[in-house]
Structure formats: structure tokens, C-alpha cells
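Right, one structure below, let's go through it.
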Amino acid sequence: MSLSCFDPRFGERMLSVDEALSVLGESLAGVMRTPRSERVALAQAPGRVLAETVISPLDVPAQTNAAMDGIALARASLPDAASGEPLSDRGELSDHCELSVIGSSLAGHPWTGRALAAGEAMRITTGAALPAGADTVVMQEQLEYRSTQGEGEAGEQVVIEGVTSIRRGQNVRQAGEDIAHGSQVMAPGQWLTPAAVGVLASLGLAEVAVYRPLTVAIFSTGDEVTAPGETLPAGGIYDANRFSLVALLRDQGIEVLDLGILSDDEASVSAALRDAATRADMVITSGGVSVGEADHVRSALAACGELALWRIAMRPGRPLAFGMLRATPADAASSSGQVPFFGLPGNPVATMVTFLQFVLPALRLLSGQQRLAKAEASASATTLAQWQAPRLQLIAGETLRSRAERVDYHRGQVVLDDQGRQVVMTTGRQGSGILTSMLLAECLIEIPAGCATLHAGEPVMVQWLGSRGIV
């Protein structure tokens with residue numbers, strides 16, 4: 001960028017959301033390091049970030065097997081209606097036939113005898129290995145078993161109904177059809193979801209290399225801020241933001257260094273920041289750093305590093321502070337000696353929305369996670385937009401209004417309209433202090449800059465709030 005984000009002139013104009021994401025990405029690229037890794041038991045891996053390339057040591061499934069209970073056979077053993085050959089005494093085409101059953105193949109106990117011959121079948125259970133000579137499984141519902149007696153030995157026949165509908169290879173899972181031996185299954189940066197952990201388990205892996213979680217320090221300031229459980233003084237507010245942020249961070253697998261509510265004086269704030277910079281990978285606070293506010297947080301931050309105060313064309317969340325705290329490289333969590341700082345707006349909804357738009361993508365980048373979306377052709381290669389939650393397109397269920405010069409993030413719910421379609425509606429009042437709007441929200445409705453009105457029935461982009469979102 002032509003102008004440093006810490007140049008005072010940078011904060012003189014309103015930044016677009018895309019500009020802020022690009023500048024943040026470039027700034028964080030300068031302090032990036034490869035996260036340290038560790039090996040953990042697979043049961044401890046959910047919610048962690050993979051730190052190694054996983055190559056499959058085997059085929060999954062390991063052997064060709066039955067997809068359901070029934071009998072295994074060679075399709076060639078069945079009469080073929082397409083041949084036009086008479087299959088009954090009266091010269092008519094028959095839709096059933098009878099085969100000899102020679103044994104069973106059970107899940108975990110495969111058949112170890114000879115291969116099937118023409119006219120023979122074998123009982124088989126779901127997941128059991130297909131015996132040699134078989135290429136097809138007929139489901140149990142098409143079968144009827146009959147006992148036979150011949151030359152003093154008991155035997156078994158199976159009558160198969162619906163012969164002409166049976167296709168070669170049906171109800172069979174081929175070895176390696178899910179994962180081939182030697183193929184790459186996952187790359188470093190993979191977020192280990194329950195599905196990802198299940199795939200690793202299917203490869204027989206008992207442990208896996210993951211990046212160590214980031215540590216984030218968080219604190220609140222302000223004489224009016226009161227800890228929950230204490231008596232609320234006149235003019236006081238309970239510290240909702242810190243608890244929301246701690247929960248958001250822990251939901252992302254982040255280790256939290258909770259500094260509580262700091263005394264509103266420069267010396268204590270400076271001491272806390274210097275300490276946090278040696279122990280954390282990032283420091284976050286909310287409120288108290290907006291342009292025009294006379295408080296000790298800004299002066300303490302300026303003494304500990306560099307601070308930029310931005311105005312971003314978005315609602316909620318216009319003010320945002322970003323900085324770099326200096327730390328002794330030998331002691332700091334960041335080997336660069338610089339620790340990112342985010343000062344989020346004080347209104348509770350604005351705190352959560354700016355966390356989603358800027359802080360969460362930054363944490364994903366620093367933690368080594370893979371990009372979640374491709375950058376637009378015109379965007380910076382390092383923009384944090386690539387680590388934001390992907391957008392989904394829904395239909396607006398009501399008219400949505402904004403100001404053309406900013407991006408608006410309304411809290412939304414998905415409902416069925418009178419035509420049975422899924423549409424998105426706001427949760428009600430949308431003030432940046434209405435925290436219950438986040439409680440009710442399933443998504444953030446994104447009204448882009450340049451759009452003052454979105455009419456009901458028009459497409460709209462949303463960010464879904466879920467395990468990879470913010471709640």
C-alpha cells in the first residue's frame with residue numbers, strides 16, 4: 001500500500017470494508033510466522049488445525065465389500081432376460097431363479113474357502129468382504145431360502161426374485177472407492193471438523209500433528225464497566241462484551257488470557273499491555289479507543305507500540321482501532337516482536353460484528369488455517385476476505401434499507417413465506433446496542449455499499465452464523 005496504516009492521514013477518510021480487510025492482511029503478513037505444532041491423540045483433535053499433509057496408507061474401504069445384507073454371487077450365474085432364452089418349462093421368460101448357498105461371509109469374519117462357481121451364492125452381511133468369484137450383492141428382500149438334503153448332507157438353496165432387475169456390481173462397495181491408497185487426503189491448515197476426524201480415523205491414524213492454538217489476551221476498561229455478579233452502580237453497565245468475546249474465541253479453539261477489567265489509568269493499562277504482549281499472540285479490547293474519546297487506553301497503546309484509529313463505512317461497527325504492540329522477541333509469543341492489537345467498538349452488537357468481519361479472519365490467518373474463499377481478481381493477494389465466512393445467497397423476505405455509502409449488517413432469521421419459500425427476515429430492532437438481536441440471529445444480512453434499498457423478493461447475501469461463524 002502507498003500509505004502506512006499507521007500514518008495519521010490514513011484515518012482522515014472513511015475506509016471501505018474491503019480496504020480495511022486488505023490493509024489488515026498486509027499488516028499481519030509482516031508478523032506472520034509458522035505456528036508451532038504438536039501431536040495429539042485423535043480424540044483431542046476436533047476443533048484444531050491440521051499441521052501436516054495426510055497421505056492415505058491404505059484403500060478406504062480396504063476391501064471390496066457388501067453395501068447391504070443379502071447374498072453375494074456372480075451376475076453371470078443369473079439368467080439374462082435380454083438374451084431371449086426360455087427360462088421356464090413353458091418357454092416363458094422367468095423373473096426368478098435358484099442357486100446353491102455354499103457358506104457365509106460376515107463383517108469381520110470373511111469367507112476363506114474356495115471361490116464361487118457358476119450357480120453358487122453366499123450369504124453376506126453389510127460390510128463383509130466380497131468372496132472370490134462374486135461381483136454382485138442381491139438384497140435380502142428379494143430372497144427366499146430353502147433347505148435341501150442330498151447324499152446324506154444338508155444343504156441350502158436360495159430363490160431370487162426380480163432376477164431381470166439385477167445389475168452387475170449392484171450393492172457393492174469397491175476397495176478404495178472413497179480414498180485410494182497413496183492419495184493426499186488433507187493438507188496443512190485443514191480445520192478438523194467431526195467429519196475430518198472421522199476420515200482420519202478411517203485411515204487408522206491414532207494421532208495427528210496440529211498447530212498449537214493461539215493465545216489471545218482480552219481486557220475491558222472504563223469506570224462504568226462492572227463484572228457480572230457485582231452490584232451495579234448508578235450509571236454502570238455489566239461487562240457483556242468481554243464475556244461475548246471470550247466465548248467467541250474459545251469456540252474457535254483459541255486459548256484466552258482474560259485480564260478482566262483494568263483500572264482506568266495509564267500506568268495499569270500500560271503494564272497490562274506490556275505483559276500481554278509477552279504472553280499472547282493478539283490483544284483485544286472493546287470500547288474506549290474511539291476517535292475523540294479522552295481515555296488512557298489510547299495513550300498507553302501509543303507508548304507500547306503503534307496505533308491506528310480507523311473509520312470504516314459499515315454499520316454496526318464504524319470505529320475500529322488496530323495496532324502493533326512491541327514485545328521482547330525472546331519472551332514474546334510472536335517471534336517478530338510485534339503483537340497485533342484490535343480495539344473493537346463498545347456497543348455489544350458492533351463488537352460481535354467487527355469480530356466476525358476482521359478479528360476472526362485475522363485469527364484464522366495467524367493460526368495457519370486454509371483460506372475459506374477465493375479473493376476477487378481486483379483484491380489484494382493478502383486480503384483477509386479470503387478467511388471470512390463464505391457468503392450464501394437467499395431471498396429477502398422484507399424490504400431492507402441502508403445508506404448507499406456503507407455496508408450494513410442486519411441480523412437475520414430464515415423463515416418460510418406464504419408460498420413455502422425460504423426467505424430471510426430481520427430479527428426486529430437493529431440498533432447496535434440491541435444484543436438480543438444477535439441472540440435471535442441465524443445469519444448476518446449483508447447490504448452492500450451502493451445499495452440503499454433491497455426489496456422483498458430480491459436476492460441478498462448472508463453470512464451464516466454457526467460453528468465456523470460467531471455463535
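Residue names in the C-alpha cells use chain letters A, B, ... in the order shown, residue numbers from 1 in each chain, and ligand numbers from 1 in the order shown.
Taking only C-alpha atoms, the non-local environment of segment 69-80 of chain A within 6 Å (same-chain residues fewer than 2 positions away omitted) comprises Ala82, Ser83, Ala118, Gly119, Ala121, Met122, Arg123, Ile124, Thr125, Thr126, Ala134, Asp135, Thr136, Val137, Val138, Met139, Gln140 and Arg168 of chain A.
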Got a sec: who's within 10 Å of Leu245 of chain A, counting only C-alpha atoms, leaving out chain neighbours fewer than 2 positions off, as a PDB file with N, CA, C and O atoms, in the first residue's frame?
```
ATOM      1  N   ILE A 218      -7.374 -10.502  26.477  1.00  0.00           N
ATOM      2  CA  ILE A 218      -8.552  -9.652  26.345  1.00  0.00           C
ATOM      3  C   ILE A 218      -8.792  -8.922  27.653  1.00  0.00           C
ATOM      4  O   ILE A 218      -8.589  -9.487  28.734  1.00  0.00           O
ATOM      5  N   PHE A 219      -9.193  -7.650  27.554  1.00  0.00           N
ATOM      6  CA  PHE A 219      -9.485  -6.890  28.767  1.00  0.00           C
ATOM      7  C   PHE A 219     -10.548  -5.845  28.474  1.00  0.00           C
ATOM      8  O   PHE A 219     -10.836  -5.514  27.326  1.00  0.00           O
ATOM      9  N   ALA A 240     -20.706  -7.150  29.289  1.00  0.00           N
ATOM     10  CA  ALA A 240     -21.179  -8.175  28.347  1.00  0.00           C
ATOM     11  C   ALA A 240     -20.160  -8.444  27.252  1.00  0.00           C
ATOM     12  O   ALA A 240     -19.981  -9.582  26.816  1.00  0.00           O
ATOM     13  N   ASN A 241     -19.475  -7.403  26.784  1.00  0.00           N
ATOM     14  CA  ASN A 241     -18.580  -7.564  25.638  1.00  0.00           C
ATOM     15  C   ASN A 241     -17.451  -8.551  25.907  1.00  0.00           C
ATOM     16  O   ASN A 241     -17.119  -9.388  25.069  1.00  0.00           O
ATOM     17  N   ARG A 242     -16.828  -8.427  27.085  1.00  0.00           N
ATOM     18  CA  ARG A 242     -15.696  -9.316  27.372  1.00  0.00           C
ATOM     19  C   ARG A 242     -16.153 -10.765  27.402  1.00  0.00           C
ATOM     20  O   ARG A 242     -15.466 -11.658  26.877  1.00  0.00           O
ATOM     21  N   PHE A 243     -17.310 -11.028  27.978  1.00  0.00           N
ATOM     22  CA  PHE A 243     -17.797 -12.409  28.051  1.00  0.00           C
ATOM     23  C   PHE A 243     -18.197 -12.926  26.675  1.00  0.00           C
ATOM     24  O   PHE A 243     -17.964 -14.097  26.347  1.00  0.00           O
ATOM     25  N   ALA A 247     -16.184 -16.073  24.823  1.00  0.00           N
ATOM     26  CA  ALA A 247     -16.912 -17.228  24.294  1.00  0.00           C
ATOM     27  C   ALA A 247     -16.638 -17.426  22.806  1.00  0.00           C
ATOM     28  O   ALA A 247     -16.469 -18.558  22.332  1.00  0.00           O
ATOM     29  N   LEU A 248     -16.585 -16.323  22.046  1.00  0.00           N
ATOM     30  CA  LEU A 248     -16.288 -16.414  20.613  1.00  0.00           C
ATOM     31  C   LEU A 248     -14.904 -16.995  20.370  1.00  0.00           C
ATOM     32  O   LEU A 248     -14.705 -17.825  19.486  1.00  0.00           O
ATOM     33  N   LEU A 249     -13.956 -16.551  21.151  1.00  0.00           N
ATOM     34  CA  LEU A 249     -12.580 -17.036  20.993  1.00  0.00           C
ATOM     35  C   LEU A 249     -12.468 -18.515  21.334  1.00  0.00           C
ATOM     36  O   LEU A 249     -11.853 -19.294  20.602  1.00  0.00           O
ATOM     37  N   ARG A 250     -13.060 -18.918  22.429  1.00  0.00           N
ATOM     38  CA  ARG A 250     -12.975 -20.324  22.830  1.00  0.00           C
ATOM     39  C   ARG A 250     -13.698 -21.229  21.845  1.00  0.00           C
ATOM     40  O   ARG A 250     -13.296 -22.377  21.636  1.00  0.00           O
ATOM     41  N   ASP A 251     -14.751 -20.709  21.219  1.00  0.00           N
ATOM     42  CA  ASP A 251     -15.458 -21.500  20.221  1.00  0.00           C
ATOM     43  C   ASP A 251     -14.569 -21.780  19.014  1.00  0.00           C
ATOM     44  O   ASP A 251     -14.785 -22.753  18.287  1.00  0.00           O
ATOM     45  N   VAL A 256      -7.501 -18.329  25.875  1.00  0.00           N
ATOM     46  CA  VAL A 256      -7.812 -16.952  26.273  1.00  0.00           C
ATOM     47  C   VAL A 256      -7.051 -16.583  27.540  1.00  0.00           C
ATOM     48  O   VAL A 256      -7.058 -17.331  28.524  1.00  0.00           O
ATOM     49  N   ILE A 284      -6.986  -7.966  22.504  1.00  0.00           N
ATOM     50  CA  ILE A 284      -8.276  -7.398  22.089  1.00  0.00           C
ATOM     51  C   ILE A 284      -8.897  -6.660  23.264  1.00  0.00           C
ATOM     52  O   ILE A 284      -8.856  -7.135  24.408  1.00  0.00           O
ATOM     53  N   THR A 285      -9.497  -5.519  22.977  1.00  0.00           N
ATOM     54  CA  THR A 285     -10.362  -4.855  23.939  1.00  0.00           C
ATOM     55  C   THR A 285     -11.545  -4.282  23.177  1.00  0.00           C
ATOM     56  O   THR A 285     -11.574  -4.301  21.945  1.00  0.00           O
ATOM     57  N   SER A 286     -12.533  -3.786  23.887  1.00  0.00           N
ATOM     58  CA  SER A 286     -13.686  -3.168  23.238  1.00  0.00           C
ATOM     59  C   SER A 286     -14.014  -1.871  23.958  1.00  0.00           C
ATOM     60  O   SER A 286     -13.948  -1.781  25.186  1.00  0.00           O
ATOM     61  N   PRO A 348     -22.407  -3.580  22.031  1.00  0.00           N
ATOM     62  CA  PRO A 348     -22.227  -5.040  22.021  1.00  0.00           C
ATOM     63  C   PRO A 348     -22.431  -5.697  20.661  1.00  0.00           C
ATOM     64  O   PRO A 348     -21.700  -6.631  20.318  1.00  0.00           O
ATOM     65  N   THR A 351     -19.447  -4.879  18.555  1.00  0.00           N
ATOM     66  CA  THR A 351     -18.303  -5.693  18.972  1.00  0.00           C
ATOM     67  C   THR A 351     -18.316  -7.042  18.272  1.00  0.00           C
ATOM     68  O   THR A 351     -17.305  -7.498  17.724  1.00  0.00           O
ATOM     69  N   MET A 352     -19.469  -7.712  18.254  1.00  0.00           N
ATOM     70  CA  MET A 352     -19.552  -9.044  17.660  1.00  0.00           C
ATOM     71  C   MET A 352     -19.416  -9.000  16.142  1.00  0.00           C
ATOM     72  O   MET A 352     -18.758  -9.854  15.535  1.00  0.00           O
ATOM     73  N   PHE A 355     -15.841  -8.305  15.194  1.00  0.00           N
ATOM     74  CA  PHE A 355     -15.067  -9.522  15.455  1.00  0.00           C
ATOM     75  C   PHE A 355     -15.184 -10.470  14.270  1.00  0.00           C
ATOM     76  O   PHE A 355     -14.180 -11.027  13.788  1.00  0.00           O
ATOM     77  N   ILE A 470     -19.881 -17.061  14.247  1.00  0.00           N
ATOM     78  CA  ILE A 470     -19.527 -16.420  15.512  1.00  0.00           C
ATOM     79  C   ILE A 470     -20.343 -16.906  16.694  1.00  0.00           C
ATOM     80  O   ILE A 470     -20.051 -16.532  17.821  1.00  0.00           O
TER      81      ILE A 470
END
```
For segment 451-462 of chain A, please output as a PDB file with N, CA and C atoms, in the first residue's frame all residues within 8 Å (counting only C-alpha atoms; exclusion window: fewer than 2 positions along the same chain).
```
ATOM      1  N   ARG A 391     -20.107 -16.423   1.788  1.00  0.00           N
ATOM      2  CA  ARG A 391     -21.469 -15.884   1.710  1.00  0.00           C
ATOM      3  C   ARG A 391     -22.419 -16.894   1.072  1.00  0.00           C
ATOM      4  N   LEU A 392     -23.685 -16.812   1.469  1.00  0.00           N
ATOM      5  CA  LEU A 392     -24.759 -17.583   0.850  1.00  0.00           C
ATOM      6  C   LEU A 392     -25.788 -16.605   0.298  1.00  0.00           C
ATOM      7  N   GLN A 393     -26.425 -16.962  -0.791  1.00  0.00           N
ATOM      8  CA  GLN A 393     -27.460 -16.109  -1.360  1.00  0.00           C
ATOM      9  C   GLN A 393     -28.838 -16.626  -0.968  1.00  0.00           C
ATOM     10  N   LEU A 394     -29.635 -15.747  -0.368  1.00  0.00           N
ATOM     11  CA  LEU A 394     -31.022 -16.057  -0.023  1.00  0.00           C
ATOM     12  C   LEU A 394     -31.932 -14.999  -0.641  1.00  0.00           C
ATOM     13  N   ILE A 395     -33.216 -15.137  -0.391  1.00  0.00           N
ATOM     14  CA  ILE A 395     -34.209 -14.180  -0.878  1.00  0.00           C
ATOM     15  C   ILE A 395     -34.673 -13.318   0.292  1.00  0.00           C
ATOM     16  N   ALA A 396     -34.692 -12.001   0.081  1.00  0.00           N
ATOM     17  CA  ALA A 396     -35.160 -11.089   1.129  1.00  0.00           C
ATOM     18  C   ALA A 396     -36.656 -11.275   1.335  1.00  0.00           C
ATOM     19  N   GLY A 397     -37.052 -11.450   2.587  1.00  0.00           N
ATOM     20  CA  GLY A 397     -38.471 -11.608   2.910  1.00  0.00           C
ATOM     21  C   GLY A 397     -39.150 -10.305   3.253  1.00  0.00           C
ATOM     22  N   GLU A 398     -38.387  -9.230   3.287  1.00  0.00           N
ATOM     23  CA  GLU A 398     -38.925  -7.906   3.590  1.00  0.00           C
ATOM     24  C   GLU A 398     -38.022  -6.876   2.939  1.00  0.00           C
ATOM     25  N   THR A 399     -38.495  -5.651   2.851  1.00  0.00           N
ATOM     26  CA  THR A 399     -37.676  -4.575   2.309  1.00  0.00           C
ATOM     27  C   THR A 399     -36.616  -4.181   3.338  1.00  0.00           C
ATOM     28  N   LEU A 400     -35.371  -4.092   2.888  1.00  0.00           N
ATOM     29  CA  LEU A 400     -34.240  -3.777   3.760  1.00  0.00           C
ATOM     30  C   LEU A 400     -33.621  -2.467   3.295  1.00  0.00           C
ATOM     31  N   ARG A 401     -33.373  -1.565   4.245  1.00  0.00           N
ATOM     32  CA  ARG A 401     -32.855  -0.252   3.894  1.00  0.00           C
ATOM     33  C   ARG A 401     -31.484  -0.014   4.516  1.00  0.00           C
ATOM     34  N   SER A 402     -30.692   0.759   3.826  1.00  0.00           N
ATOM     35  CA  SER A 402     -29.360   1.100   4.289  1.00  0.00           C
ATOM     36  C   SER A 402     -29.008   2.479   3.756  1.00  0.00           C
ATOM     37  N   ARG A 403     -27.744   2.849   3.899  1.00  0.00           N
ATOM     38  CA  ARG A 403     -27.225   4.052   3.264  1.00  0.00           C
ATOM     39  C   ARG A 403     -26.246   3.609   2.181  1.00  0.00           C
ATOM     40  N   ALA A 404     -26.328   4.226   1.051  1.00  0.00           N
ATOM     41  CA  ALA A 404     -25.566   3.766  -0.106  1.00  0.00           C
ATOM     42  C   ALA A 404     -24.057   3.818   0.129  1.00  0.00           C
ATOM     43  N   CYS A 443     -28.117 -15.523  10.947  1.00  0.00           N
ATOM     44  CA  CYS A 443     -27.184 -15.049   9.930  1.00  0.00           C
ATOM     45  C   CYS A 443     -27.069 -13.545  10.010  1.00  0.00           C
ATOM     46  N   LEU A 444     -26.072 -13.002   9.317  1.00  0.00           N
ATOM     47  CA  LEU A 444     -25.960 -11.565   9.093  1.00  0.00           C
ATOM     48  C   LEU A 444     -26.364 -11.286   7.653  1.00  0.00           C
ATOM     49  N   ILE A 445     -27.318 -10.392   7.475  1.00  0.00           N
ATOM     50  CA  ILE A 445     -27.745  -9.987   6.137  1.00  0.00           C
ATOM     51  C   ILE A 445     -26.836  -8.848   5.692  1.00  0.00           C
ATOM     52  N   GLU A 446     -26.170  -9.014   4.574  1.00  0.00           N
ATOM     53  CA  GLU A 446     -25.191  -8.037   4.108  1.00  0.00           C
ATOM     54  C   GLU A 446     -25.797  -7.184   3.000  1.00  0.00           C
ATOM     55  N   ILE A 447     -26.008  -5.915   3.324  1.00  0.00           N
ATOM     56  CA  ILE A 447     -26.487  -4.963   2.317  1.00  0.00           C
ATOM     57  C   ILE A 447     -25.270  -4.200   1.821  1.00  0.00           C
ATOM     58  N   PRO A 448     -24.851  -4.395   0.584  1.00  0.00           N
ATOM     59  CA  PRO A 448     -23.564  -3.859   0.129  1.00  0.00           C
ATOM     60  C   PRO A 448     -23.585  -2.344  -0.039  1.00  0.00           C
ATOM     61  N   ALA A 449     -22.400  -1.756  -0.038  1.00  0.00           N
ATOM     62  CA  ALA A 449     -22.263  -0.335  -0.338  1.00  0.00           C
ATOM     63  C   ALA A 449     -22.808  -0.066  -1.735  1.00  0.00           C
ATOM     64  N   TRP A 464     -23.637 -16.918   7.304  1.00  0.00           N
ATOM     65  CA  TRP A 464     -24.307 -17.810   8.246  1.00  0.00           C
ATOM     66  C   TRP A 464     -23.551 -17.825   9.577  1.00  0.00           C
TER      67      TRP A 464
END
```
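From atom CA of Arg33 of chain A back to atom CA of Ala20 of chain A, the distance works out to 21.6 Å.
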Atom CA of Tyr211 of chain A to atom CA of Pro57 of chain A, distance in Å rounded to a single decimal: 22.2 Å
DSSP on the backbone: what in segment 64-291 of chain A comes out alpha helix (DSSP H), as a ChimeraX atom specification? /A:194-202,240-251,266-279
What does the distance from atom CA of Glu161 of chain A to atom CA of Leu99 of chain A come to in Å, to one decimal?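 Pair atom CA of Glu161 of chain A / atom CA of Leu99 of chain A returns 11.6 Å.
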